[in-house]
Every structure is written in structure tokens, then in C-alpha cells.
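Visitor: Here you go, one structure.
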Amino acid sequence: MRKYDKLTLVMNRIKNIFLTTSLAFLASTASAQFQVYQGKYAVKFTDKIGSGYSLSQPEEFLSQKALDRRKKYSIEINSLDLPVSKLYIDSLKAMGYEIHGVSKWLNCAVVICDSAKIMELKNVDFVDFNYNWRPDIEKPKSTNEKITRPKLKIKGVPVDIKPNLKYGKASNQNTMLNIQALHNEGFQGQGVVAALLDAGFYHADQLPAFKTAFENGHFLGAYDFVDRDTTVFGSDTHGMNALSCIVANIPDEFVGTAPEASFYLFRTEDGATENIIEEFNWAFAAEKADSLGVDLIHSSLGYTKFDDTTKTYVYKNIDGNTAISTIAADIAASKGIVVTVSAGNEGDEPWKYVSSPADADSILAVGAVNKERKIAYFSSRGPTYDQRVKPDVCARGLYSTVEGASGHATTASGTSFSGPILAGAVLCLMQAHPNAAPMDIINAVKAAGDKYDKPDGNYGYGIPNFFIAHKILESNKL
């Protein structure tokens, strides 16, 4: 054998050892860095070969409502819409991995296994160890390049617009947004569909505030992405409280900002823990909401700190491109869904900044004020790490009226409640302007803020006046 032939063999052996060692290192790193919860790991795929579907036949993997929304807003169906590879999922199952959830947007599966078994994937060619989660996302568009605000007096809330609905204890939080202007015209959320992503909706199917909604068929379905079943009414009052800010309907006691809206309820949060698996659950739920054809997603959840402190975010991660839930929120927006989220409750803590997914750039992040319209001490602040204005707008979040577990209206504080109060108002605005693109809706809400001319890191664009948002969209013929 010639000398160079021996050298070639030696070099090939070194190359193979290096490759095997590198893959083992990558798998080990993935095992440590991308363990999303005890016994759960995110496995990212290299491509979607073997999905069994084609972009030329989208009706095979998207609902008619989802297709209609894309057509309405001239949104191209792309590879993000394709399901993950059935071949890859079946292969994982055959290898003994249990599937917790699958995301076509992130092109991944979350599997259930131990740390030793996840290492078996180091030589699997369809597993991508780069873990670059953010795909190319086409930014949602506005009908007009710039929405103009008509010359209207917007300081304070007009006192001459009296509500026809009897808001009861929710009067301040509703009229602060001047939503009565839309309610009086008959826009109370009829025909508009929201999905709420939260920690649970304790007895929402039984409590008085929701009786009208359930009797009138406004509840459209539910799924628990934590326990993988359809039971969402057995635990955690947080989501129930948030839902009540939107659809509560007890005249003279408590009426929400969109009492006639329809809704899906998705549990994505395990209230006893805080781990990145919940952000993947958020993505799973957002995809489900998209497939069901919802108009709006609201979530009163935020992520900064985790039980595994090695996963905890730092400020530079709040850049609109890093957190899993942030990426999912932006993708949902790119599919024609208006996304509203609570800004976070760390304004008086060392962190102080908005949480994810509030840092997403194509959504409305909602801060909190008190009944006198002053910023709440706990409301998370901006800007984002890349210096964008956050929160976007504010609503009442200090001592907000919510439905209590006992079946009586009570109060609770947090951007968890300013968020859905604002979301309900957005649903009514969307009903009033069914042809307005989602970014037109978002831009109009910002433009209607009482700090629109001088946004800051406390209030964002301020408290929006929905009478003005309504007029902005009318004036722009949307």
C-alpha cells in the first residue's frame, strides 16, 4: 500500500472519530440545553420530506376557515403551513419515543424519554442539532403603508357617550377604553372568534358570568396541551378570570368588553411549574388556533424565569427573535391572526422589562394602569433589547373586575387582566371592520392611544380610545 493511501485511511478514521464525537457532543448539548422539562426534549427536524402533503393541495392540511383567512388577507401558503414529516414522527415512535406534541411552525416534536435515550438521536440524519428555531417569517402587511389619525380631540374619554349596556362593576375598565361607542352601535363581538391560551379555566362552564356565552353556543371547544386531553375546567382560576374580562355577561353586575364573542380555550400552562415546555405548548396551541380559523389569540402568560435557572432569559433575549413563544406569536400574526398578550408583572422587580411573547414585533403587548389611568407599579416596562416600544398600549390592570371562583364578581390585579380587557375591545373593533387587515387593526389601536405622539417605555402608545380607533379605520376606508 502506498504511503498516501495509508495517510488517507488514517485521515478518514480521524474524520469519522471527529464526526462521531461532534455528533455526540451536539446530542449531549441538546440533551442539556434543550431539555424542555424533566423527561421531555425538543427534537428539531432538518426538513419536511415525507410529510405526505403538498402546498398545491392546502385543503388537505388546512381548514376552510384557515384558508379563507389567508385568502382574505392575501397571505401566501408556505412551507410553515405544511405538517411535519409523518415519516420522521413514525420513525421516532418506532424507536420508542413517546410524542408529547408536534409543531409544524418550529418543525419539531417534543418527545418523552430519559437523558440516555435522547443520545440515540446523535446518528439520526433527519434530526437537526443546530436548533435555530426562528424560520423566515413574512411580516404581516397593512392595507395602507401608514394609517393616519384624523384630527380628533382625544385627551381623556368623551363623557357624552353613555353605554347602553349595564357594565356594573366593570364600568371603569370598559369605559376607560371608550368601548361603549362600539357597543352602542351593536358591535359586541358577534361572529368574531378568539382563542385563549392560559393555565386553566376553573368552572367556566358552570359560573354565572359565562352562562349566556355557553347557552348561546359561543364556547367552541377546548384542549389541554399540558395533560393532552380536553379537560380544561378542573383547575386554575387564572384563565377563567381572564376570560371573564372579555365575555362576562351579567347586566348590572359584570359585563365584559366583548360579551357576544365566541371562543376556544386552550390550557398551555402548568401552574405548578415554570419551564420552557410551556412555551412549546403555547406554540402547539397557536397552531391549533390557526387551523381552526380564529381571528384573535389572547394569552395572559409571560416567560422570563424558569425553574431550571440555566434556561432563564436575560435582557438580550427579549429581542423579538429568541423565545419560543415570541417566535410562535409572530408566526401566528403572519398567518393573519391578531395576537394580544399581557406585558408582564415585573415592573417593580430587578428584571422590570416585558416578558416573552410580549416582545414579539407584530402583536399588541398590553401594560396595566389603575382606575385613574396611571401606570400600575407592577406593569412590565420597555423598551425591548433592540429598542422597540413596549408595551404597545395599556388598559386597567390594578383591581380589575373579574369573575371569582365563588361565582361573584371580584377584583384581581395584573397585566393578566388588562390584556383580555383590551383583547375584548379589539374583537369588537374587528367586528366593526371585517375587511381591515390585522396590522391595520393593531396600528389603529396604537394610533388611538393617548400617548401616540410620545410613546414611552411605561405606557407605550398609551390607553387607546376605541371610538377613535373606529374612526381611524373608517377614515382610511378599512
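Order determines the names: the first chain of the C-alpha cells is A, the second B, and so forth; residues in each chain are numbered 1 upward, and ligands are numbered 1 upward as they are shown.
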Find the residues near Ser235 in chain A: any atom within 9 Å, counting only C-alpha atoms, skip ones fewer than 6 places away on the same chain, and give them as a list of chain:residue names.
Guide: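 My list of contacting residues is A:Ala199, A:Gly200, A:Phe201, A:Tyr202, A:His203.
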Visitor: Report the distance between CA of Lys44 in chain A and CA of Lys122 in chain A in Å, rounded to one decimal place.
Guide: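 Going from CA of Lys44 in chain A over to CA of Lys122 in chain A covers 12.2 Å.
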Visitor: If we count only C-alpha atoms and set the cut-off at 8 Å, which residues sit around range 213-220 of chain A, ignoring sequence neighbours fewer than 5 positions away in its own chain? Please answer as a list of chain:residue names.
Guide: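 Listed by chain and then number, they are A:Asp205, A:Val247, A:Ala248, A:Asn249, A:Pro259, A:Glu260, A:Ala261, A:Ser262, A:Phe263, A:Tyr264.
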Visitor: Could you write out, as a PDB file with N, CA and C atoms, in the first residue's frame, all the residues of range 168-273 of chain A that DSSP marks as strand (DSSP E)?
Guide:
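See out-v7.pdb below for the written result:
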```pdb
ATOM      1  N   VAL A 193     -64.081  35.302  16.520  1.00  0.00           N
ATOM      2  CA  VAL A 193     -63.640  34.127  17.289  1.00  0.00           C
ATOM      3  C   VAL A 193     -62.247  34.353  17.872  1.00  0.00           C
ATOM      4  N   ALA A 194     -62.129  34.098  19.167  1.00  0.00           N
ATOM      5  CA  ALA A 194     -60.852  34.220  19.865  1.00  0.00           C
ATOM      6  C   ALA A 194     -60.423  32.870  20.415  1.00  0.00           C
ATOM      7  N   ALA A 195     -59.120  32.701  20.583  1.00  0.00           N
ATOM      8  CA  ALA A 195     -58.572  31.563  21.319  1.00  0.00           C
ATOM      9  C   ALA A 195     -57.815  32.115  22.511  1.00  0.00           C
ATOM     10  N   LEU A 196     -58.098  31.595  23.704  1.00  0.00           N
ATOM     11  CA  LEU A 196     -57.387  31.994  24.912  1.00  0.00           C
ATOM     12  C   LEU A 196     -56.421  30.897  25.317  1.00  0.00           C
ATOM     13  N   LEU A 197     -55.156  31.271  25.521  1.00  0.00           N
ATOM     14  CA  LEU A 197     -54.122  30.350  25.956  1.00  0.00           C
ATOM     15  C   LEU A 197     -53.767  30.694  27.395  1.00  0.00           C
ATOM     16  N   ASP A 198     -53.966  29.737  28.302  1.00  0.00           N
ATOM     17  CA  ASP A 198     -53.793  30.070  29.711  1.00  0.00           C
ATOM     18  C   ASP A 198     -53.506  28.816  30.524  1.00  0.00           C
ATOM     19  N   PHE A 219     -69.032  29.117  23.231  1.00  0.00           N
ATOM     20  CA  PHE A 219     -67.901  28.241  23.541  1.00  0.00           C
ATOM     21  C   PHE A 219     -67.793  27.204  22.427  1.00  0.00           C
ATOM     22  N   LEU A 220     -66.635  27.193  21.743  1.00  0.00           N
ATOM     23  CA  LEU A 220     -66.483  26.373  20.547  1.00  0.00           C
ATOM     24  C   LEU A 220     -65.632  25.125  20.753  1.00  0.00           C
ATOM     25  N   GLY A 221     -64.912  25.039  21.859  1.00  0.00           N
ATOM     26  CA  GLY A 221     -64.098  23.863  22.092  1.00  0.00           C
ATOM     27  C   GLY A 221     -62.916  24.158  22.988  1.00  0.00           C
ATOM     28  N   ALA A 222     -62.233  23.073  23.422  1.00  0.00           N
ATOM     29  CA  ALA A 222     -61.111  23.233  24.345  1.00  0.00           C
ATOM     30  C   ALA A 222     -60.119  22.096  24.171  1.00  0.00           C
ATOM     31  N   TYR A 223     -58.879  22.361  24.555  1.00  0.00           N
ATOM     32  CA  TYR A 223     -57.873  21.300  24.598  1.00  0.00           C
ATOM     33  C   TYR A 223     -56.810  21.656  25.625  1.00  0.00           C
ATOM     34  N   ASP A 224     -56.346  20.635  26.335  1.00  0.00           N
ATOM     35  CA  ASP A 224     -55.307  20.783  27.347  1.00  0.00           C
ATOM     36  C   ASP A 224     -54.005  20.253  26.763  1.00  0.00           C
ATOM     37  N   ASN A 249     -71.214  38.302  31.176  1.00  0.00           N
ATOM     38  CA  ASN A 249     -72.452  38.958  30.743  1.00  0.00           C
ATOM     39  C   ASN A 249     -73.539  38.807  31.803  1.00  0.00           C
ATOM     40  N   ILE A 250     -73.390  39.598  32.865  1.00  0.00           N
ATOM     41  CA  ILE A 250     -74.434  39.713  33.891  1.00  0.00           C
ATOM     42  C   ILE A 250     -74.763  41.193  34.019  1.00  0.00           C
ATOM     43  N   PHE A 254     -71.649  42.608  36.014  1.00  0.00           N
ATOM     44  CA  PHE A 254     -70.356  42.455  35.357  1.00  0.00           C
ATOM     45  C   PHE A 254     -70.570  42.081  33.891  1.00  0.00           C
ATOM     46  N   VAL A 255     -70.202  43.001  32.992  1.00  0.00           N
ATOM     47  CA  VAL A 255     -70.252  42.752  31.554  1.00  0.00           C
ATOM     48  C   VAL A 255     -68.873  43.033  30.986  1.00  0.00           C
ATOM     49  N   SER A 262     -67.186  34.666  20.393  1.00  0.00           N
ATOM     50  CA  SER A 262     -67.039  33.221  20.520  1.00  0.00           C
ATOM     51  C   SER A 262     -65.587  32.891  20.838  1.00  0.00           C
ATOM     52  N   PHE A 263     -65.357  31.700  21.415  1.00  0.00           N
ATOM     53  CA  PHE A 263     -64.003  31.436  21.905  1.00  0.00           C
ATOM     54  C   PHE A 263     -63.688  29.946  22.017  1.00  0.00           C
ATOM     55  N   TYR A 264     -62.389  29.647  21.833  1.00  0.00           N
ATOM     56  CA  TYR A 264     -61.793  28.362  22.171  1.00  0.00           C
ATOM     57  C   TYR A 264     -60.923  28.567  23.410  1.00  0.00           C
ATOM     58  N   LEU A 265     -60.791  27.528  24.211  1.00  0.00           N
ATOM     59  CA  LEU A 265     -59.985  27.598  25.430  1.00  0.00           C
ATOM     60  C   LEU A 265     -58.889  26.539  25.375  1.00  0.00           C
ATOM     61  N   PHE A 266     -57.638  26.987  25.483  1.00  0.00           N
ATOM     62  CA  PHE A 266     -56.505  26.077  25.415  1.00  0.00           C
ATOM     63  C   PHE A 266     -55.643  26.219  26.672  1.00  0.00           C
ATOM     64  N   ARG A 267     -55.438  25.121  27.339  1.00  0.00           N
ATOM     65  CA  ARG A 267     -54.541  25.124  28.501  1.00  0.00           C
ATOM     66  C   ARG A 267     -53.137  24.797  28.013  1.00  0.00           C
TER      67      ARG A 267
END
```
Visitor: Might you pull out every residue within 9 Å of range 321-328 of chain A, with only C-alpha atoms counted and same-chain residues fewer than 3 positions away left off, and present them as a CSV table (one decimal) with N, CA, C and O atoms, in the first residue's frame?
Guide:
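Here's the written file part-v3.csv:
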```csv
chain,number,residue,atom,x,y,z
A,105,TRP,N,-44.8,24.8,12.7
A,105,TRP,CA,-44.1,26.1,12.6
A,105,TRP,C,-42.6,26.0,13.0
A,105,TRP,O,-41.8,26.6,12.3
A,106,LEU,N,-42.3,25.3,14.0
A,106,LEU,CA,-41.0,25.1,14.5
A,106,LEU,C,-40.3,23.9,13.9
A,106,LEU,O,-39.1,23.6,14.1
A,133,TRP,N,-34.4,28.1,16.0
A,133,TRP,CA,-35.8,27.9,15.9
A,133,TRP,C,-36.6,28.9,15.0
A,133,TRP,O,-37.6,28.5,14.5
A,134,ARG,N,-36.0,30.0,14.8
A,134,ARG,CA,-36.8,31.1,14.1
A,134,ARG,C,-36.7,30.8,12.6
A,134,ARG,O,-35.6,31.0,12.0
A,135,PRO,N,-37.8,30.5,11.9
A,135,PRO,CA,-37.8,30.4,10.5
A,135,PRO,C,-37.9,31.8,9.8
A,135,PRO,O,-38.1,32.8,10.5
A,276,ILE,N,-39.6,25.7,29.9
A,276,ILE,CA,-39.8,26.0,28.5
A,276,ILE,C,-40.8,25.1,27.8
A,276,ILE,O,-41.3,25.5,26.7
A,278,GLU,N,-43.7,24.9,28.4
A,278,GLU,CA,-44.9,25.7,28.3
A,278,GLU,C,-44.9,26.6,27.1
A,278,GLU,O,-45.9,26.9,26.6
A,279,GLU,N,-43.7,27.0,26.7
A,279,GLU,CA,-43.6,27.8,25.5
A,279,GLU,C,-43.9,27.0,24.3
A,279,GLU,O,-44.5,27.4,23.3
A,280,PHE,N,-43.4,25.7,24.3
A,280,PHE,CA,-43.7,24.8,23.2
A,280,PHE,C,-45.2,24.5,23.2
A,280,PHE,O,-45.8,24.5,22.1
A,281,ASN,N,-45.8,24.3,24.4
A,281,ASN,CA,-47.3,24.2,24.4
A,281,ASN,C,-48.0,25.4,23.8
A,281,ASN,O,-49.0,25.2,23.2
A,282,TRP,N,-47.5,26.6,24.1
A,282,TRP,CA,-48.0,27.8,23.5
A,282,TRP,C,-48.0,27.7,22.0
A,282,TRP,O,-49.0,28.1,21.3
A,283,ALA,N,-46.9,27.3,21.5
A,283,ALA,CA,-46.8,27.2,20.0
A,283,ALA,C,-47.8,26.1,19.5
A,283,ALA,O,-48.4,26.4,18.4
A,284,PHE,N,-47.9,25.0,20.1
A,284,PHE,CA,-48.8,24.0,19.7
A,284,PHE,C,-50.2,24.5,19.7
A,284,PHE,O,-51.0,24.3,18.7
A,286,ALA,N,-51.2,27.8,19.5
A,286,ALA,CA,-51.3,28.8,18.5
A,286,ALA,C,-51.5,28.2,17.1
A,286,ALA,O,-52.4,28.7,16.3
A,287,GLU,N,-50.8,27.1,16.8
A,287,GLU,CA,-51.1,26.4,15.5
A,287,GLU,C,-52.5,25.8,15.5
A,287,GLU,O,-53.1,25.9,14.4
A,302,GLY,N,-46.6,34.9,30.4
A,302,GLY,CA,-45.3,35.5,30.0
A,302,GLY,C,-44.2,34.7,30.6
A,302,GLY,O,-44.3,34.0,31.6
A,303,TYR,N,-43.0,34.8,30.0
A,303,TYR,CA,-41.9,33.9,30.4
A,303,TYR,C,-40.6,34.7,30.5
A,303,TYR,O,-40.2,35.4,29.5
A,313,TYR,N,-34.2,33.6,31.0
A,313,TYR,CA,-33.8,34.6,30.0
A,313,TYR,C,-33.0,35.8,30.6
A,313,TYR,O,-33.2,36.1,31.8
A,317,ASN,N,-32.2,38.5,25.4
A,317,ASN,CA,-33.1,37.6,24.8
A,317,ASN,C,-34.5,38.2,24.5
A,317,ASN,O,-35.2,37.6,23.7
A,318,ILE,N,-34.8,39.3,25.1
A,318,ILE,CA,-36.1,40.0,24.8
A,318,ILE,C,-35.9,40.9,23.6
A,318,ILE,O,-36.0,42.1,23.6
A,331,ILE,N,-45.3,34.2,14.1
A,331,ILE,CA,-45.8,33.4,13.0
A,331,ILE,C,-47.3,33.4,12.9
A,331,ILE,O,-47.9,33.5,11.9
A,332,ALA,N,-48.0,33.4,14.1
A,332,ALA,CA,-49.4,33.5,14.1
A,332,ALA,C,-49.9,34.8,13.5
A,332,ALA,O,-50.8,34.8,12.7
A,333,ALA,N,-49.2,35.9,13.8
A,333,ALA,CA,-49.5,37.2,13.2
A,333,ALA,C,-49.3,37.1,11.7
A,333,ALA,O,-50.1,37.7,10.9
A,356,SER,N,-41.5,37.5,27.4
A,356,SER,CA,-41.9,36.9,26.1
A,356,SER,C,-43.3,36.2,26.3
A,356,SER,O,-43.6,35.8,27.4
A,357,PRO,N,-44.2,36.2,25.4
A,357,PRO,CA,-44.0,36.7,24.0
A,357,PRO,C,-44.4,38.2,23.8
A,357,PRO,O,-44.6,38.6,22.6
A,358,ALA,N,-44.4,39.0,24.8
A,358,ALA,CA,-44.8,40.4,24.7
A,358,ALA,C,-43.7,41.2,23.8
A,358,ALA,O,-44.1,42.2,23.3
A,359,ASP,N,-42.5,40.6,23.6
A,359,ASP,CA,-41.5,41.3,22.8
A,359,ASP,C,-41.7,41.0,21.3
A,359,ASP,O,-41.0,41.6,20.5
A,360,ALA,N,-42.7,40.2,20.9
A,360,ALA,CA,-42.9,40.0,19.5
A,360,ALA,C,-43.3,41.3,18.8
A,360,ALA,O,-43.9,42.1,19.4
A,361,ASP,N,-42.9,41.4,17.6
A,361,ASP,CA,-43.0,42.8,16.9
A,361,ASP,C,-44.3,43.0,16.2
A,361,ASP,O,-44.5,44.1,15.7
```
Visitor: Write out as an MDAnalysis selection string the residues lying within 6 Å of range 240-243 of chain A, counting only C-alpha atoms and excluding same-chain residues fewer than 3 positions away.
Guide: chainID A and resid 201:202 204 237 246 402:403 417 420
Visitor: With C-alpha atoms retained, export the selected residues as a compact mmCIF listing (two decimals), in the first residue's frame.
Guide:
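Generated output (out.txt):
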```txt
# COMPACT_ATOMS: atom_id res chain seq x y z
CA PHE A 201 -60.40 27.82 33.19
CA TYR A 202 -61.78 26.69 36.53
CA ALA A 204 -66.04 28.46 33.42
CA THR A 237 -58.73 30.13 38.10
CA ILE A 246 -63.96 39.52 27.73
CA VAL A 402 -63.08 39.58 37.20
CA GLU A 403 -65.34 36.61 37.88
CA PHE A 417 -56.41 41.23 33.20
CA PRO A 420 -58.03 40.46 27.99
```
Visitor: Looking at A:Gly462, A:Pro438, A:Gly186, A:Pro251, which one is nearest to Ser171 in chain A, with distances taken over only C-alpha atoms?
Guide: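 Residue with the minimum atom-to-atom distance to Ser171 in chain A: A:Pro251.
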Visitor: Can you list, as number ranges by chain, every protein, DNA or RNA residue that comes within 10 Å of Gly404 in chain A when you count only C-alpha atoms, leaving out same-chain residues fewer than 3 positions away?
Guide: A: 202, 207-209, 237-238, 240-241, 244, 401, 407-412
Visitor: May I have the selected residues written with N, CA and C atoms, as a PDB file, in the first residue's frame?
Guide:
```
ATOM      1  N   TYR A 202     -61.039  27.315  35.440  1.00  0.00           N
ATOM      2  CA  TYR A 202     -61.785  26.687  36.530  1.00  0.00           C
ATOM      3  C   TYR A 202     -63.281  27.012  36.494  1.00  0.00           C
ATOM      4  N   LEU A 207     -69.941  28.754  36.021  1.00  0.00           N
ATOM      5  CA  LEU A 207     -70.071  30.020  36.749  1.00  0.00           C
ATOM      6  C   LEU A 207     -71.031  30.982  36.046  1.00  0.00           C
ATOM      7  N   PRO A 208     -71.725  31.826  36.817  1.00  0.00           N
ATOM      8  CA  PRO A 208     -72.774  32.701  36.266  1.00  0.00           C
ATOM      9  C   PRO A 208     -72.313  33.652  35.169  1.00  0.00           C
ATOM     10  N   ALA A 209     -71.095  34.174  35.264  1.00  0.00           N
ATOM     11  CA  ALA A 209     -70.629  35.164  34.284  1.00  0.00           C
ATOM     12  C   ALA A 209     -70.595  34.612  32.871  1.00  0.00           C
ATOM     13  N   THR A 237     -57.752  29.068  38.360  1.00  0.00           N
ATOM     14  CA  THR A 237     -58.728  30.126  38.105  1.00  0.00           C
ATOM     15  C   THR A 237     -58.198  31.213  37.167  1.00  0.00           C
ATOM     16  N   HIS A 238     -56.906  31.210  36.882  1.00  0.00           N
ATOM     17  CA  HIS A 238     -56.292  32.318  36.162  1.00  0.00           C
ATOM     18  C   HIS A 238     -56.925  32.552  34.797  1.00  0.00           C
ATOM     19  N   MET A 240     -59.804  31.479  33.744  1.00  0.00           N
ATOM     20  CA  MET A 240     -61.222  31.820  33.932  1.00  0.00           C
ATOM     21  C   MET A 240     -61.374  33.299  34.238  1.00  0.00           C
ATOM     22  N   ASN A 241     -60.516  33.819  35.126  1.00  0.00           N
ATOM     23  CA  ASN A 241     -60.549  35.246  35.440  1.00  0.00           C
ATOM     24  C   ASN A 241     -60.332  36.087  34.184  1.00  0.00           C
ATOM     25  N   SER A 244     -63.267  36.067  31.749  1.00  0.00           N
ATOM     26  CA  SER A 244     -64.413  36.860  32.208  1.00  0.00           C
ATOM     27  C   SER A 244     -64.292  38.326  31.809  1.00  0.00           C
ATOM     28  N   THR A 401     -62.008  44.185  37.541  1.00  0.00           N
ATOM     29  CA  THR A 401     -63.140  43.327  37.876  1.00  0.00           C
ATOM     30  C   THR A 401     -63.024  42.031  37.101  1.00  0.00           C
ATOM     31  N   GLY A 407     -68.359  32.542  42.123  1.00  0.00           N
ATOM     32  CA  GLY A 407     -69.486  32.899  41.277  1.00  0.00           C
ATOM     33  C   GLY A 407     -69.944  34.322  41.426  1.00  0.00           C
ATOM     34  N   HIS A 408     -69.104  35.153  42.032  1.00  0.00           N
ATOM     35  CA  HIS A 408     -69.421  36.573  42.192  1.00  0.00           C
ATOM     36  C   HIS A 408     -68.271  37.410  41.647  1.00  0.00           C
ATOM     37  N   ALA A 409     -68.591  38.565  41.111  1.00  0.00           N
ATOM     38  CA  ALA A 409     -67.553  39.462  40.606  1.00  0.00           C
ATOM     39  C   ALA A 409     -66.659  39.910  41.752  1.00  0.00           C
ATOM     40  N   THR A 410     -65.354  39.895  41.502  1.00  0.00           N
ATOM     41  CA  THR A 410     -64.385  40.324  42.493  1.00  0.00           C
ATOM     42  C   THR A 410     -63.312  41.133  41.776  1.00  0.00           C
ATOM     43  N   THR A 411     -62.197  41.405  42.418  1.00  0.00           N
ATOM     44  CA  THR A 411     -61.123  42.148  41.769  1.00  0.00           C
ATOM     45  C   THR A 411     -59.829  41.341  41.794  1.00  0.00           C
ATOM     46  N   ALA A 412     -59.004  41.600  40.821  1.00  0.00           N
ATOM     47  CA  ALA A 412     -57.679  40.992  40.736  1.00  0.00           C
ATOM     48  C   ALA A 412     -56.767  41.962  40.005  1.00  0.00           C
TER      49      ALA A 412
END
```
Visitor: Determine, counting only C-alpha atoms, which protein, DNA and RNA residues have an atom within 9 Å of an atom of Ser416 in chain A; residues of the same chain fewer than 2 positions away are not included. Present the result as a PyMOL selection string.
Guide: chain A and resi 238-239+241-242+299-301+341-345+366+368+397+413-414+418-420
Visitor: Using the chain letters and numbers from this document, which residues of range 64-213 of chain A does DSSP assign to alpha helix (DSSP H), as number ranges by chain?
Guide: A: 64-72, 86-94, 115-118, 171-175, 180-183, 211-213
Visitor: Just the number, please: distance in Å from CA of Lys390 in chain A to CA of Ala365 in chain A, one decimal.
Guide: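 Between CA of Lys390 in chain A and CA of Ala365 in chain A the gap is 6.8 Å.
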Visitor: Nearest to Gln173 in chain A among A:Asn123, A:Ser56, A:Ser400, A:Gln387, with distances taken over only C-alpha atoms: which residue is it?
Guide: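 Between A:Asn123, A:Ser56, A:Ser400, A:Gln387, the residue approaching Gln173 in chain A most closely is A:Ser400.
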Visitor: Can you measure CA of Glu185 in chain A to CA of Lys72 in chain A for me? One decimal in Å is fine.
Guide: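 Atom-to-atom, CA of Glu185 in chain A to CA of Lys72 in chain A, that is 24.7 Å.
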Visitor: From the set A:Lys451, A:Lys65, A:His298, A:Arg228, which residue has the shortest atom-to-atom contact distance to Leu422 in chain A, counting only C-alpha atoms?
Guide: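 Looking at the shortest contact to Leu422 in chain A, the residue is A:His298.
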Visitor: Using only C-alpha atoms, find the one residue out of A:Glu346, A:Gly256, A:Tyr88, A:Asp136 that sits nearest to Lys169 in chain A.
Guide: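 Among the listed residues, the smallest separation from Lys169 in chain A belongs to A:Gly256.
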Visitor: Restricting the calculation to only C-alpha atoms, which member of A:Thr231, A:Ser291, A:Thr415, A:Asn130 is positioned closest to Glu59 in chain A?
Guide: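 Under the stated criterion, the closest residue is A:Ser291.
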Visitor: Restricting the calculation to only C-alpha atoms: of A:Ala329, A:Val314, A:Ile49, A:Leu165, which residue gets closest to Trp351 in chain A?
Guide: A:Val314
